[in-house]
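K.L.:
The structure follows.
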Amino acid sequence: MMITTETMREPARARAVFSSEDFGLLKEAVLTHLRTIEDRPESVKYSNLYHRLGRLS
């Protein structure tokens, strides 16, 4: 079967999953959780996530 240019289509453009406002809400939620678990070892992961979210918003 031969594929012609008529049957080939461009892939659809990717749409953003989160809005700028969503990043702010996520950052606030992570910070609240981080304050709750600040003495646990996994708090480092949440701290890193908080800072990455700050760079995006």
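Chain labels run A, B, ... following the order of the structure tokens; each chain numbers its residues from 1, and ligands are numbered from 1 in the order shown.
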Residues near Leu31 in chain A, anyone? I mean within 7 Å using only C-alpha atoms, not counting same-chain ones fewer than 4 positions away, as a PyMOL selection string.

P.N.:
chain A and resi 27+35+50

K.L.:
Just give me the gap between CA of Glu28 in chain A and CA of Arg40 in chain A in Å, one decimal is fine.

P.N.:
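The value is 19.1 Å.
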
K.L.:
Could you check the closest approach to Ala29 in chain A for each of A:Pro11, A:Ser47, A:Ala16, A:Leu56 and tell me which residue wins, using only C-alpha atoms?

P.N.:
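The answer is A:Ser47, which sits nearest to Ala29 in chain A.
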
K.L.:
Rounded to one decimal in Å, what is the spacing between CA of His51 in chain A and CA of Ala14 in chain A?

P.N.:
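These atoms are spaced 25.2 Å apart.
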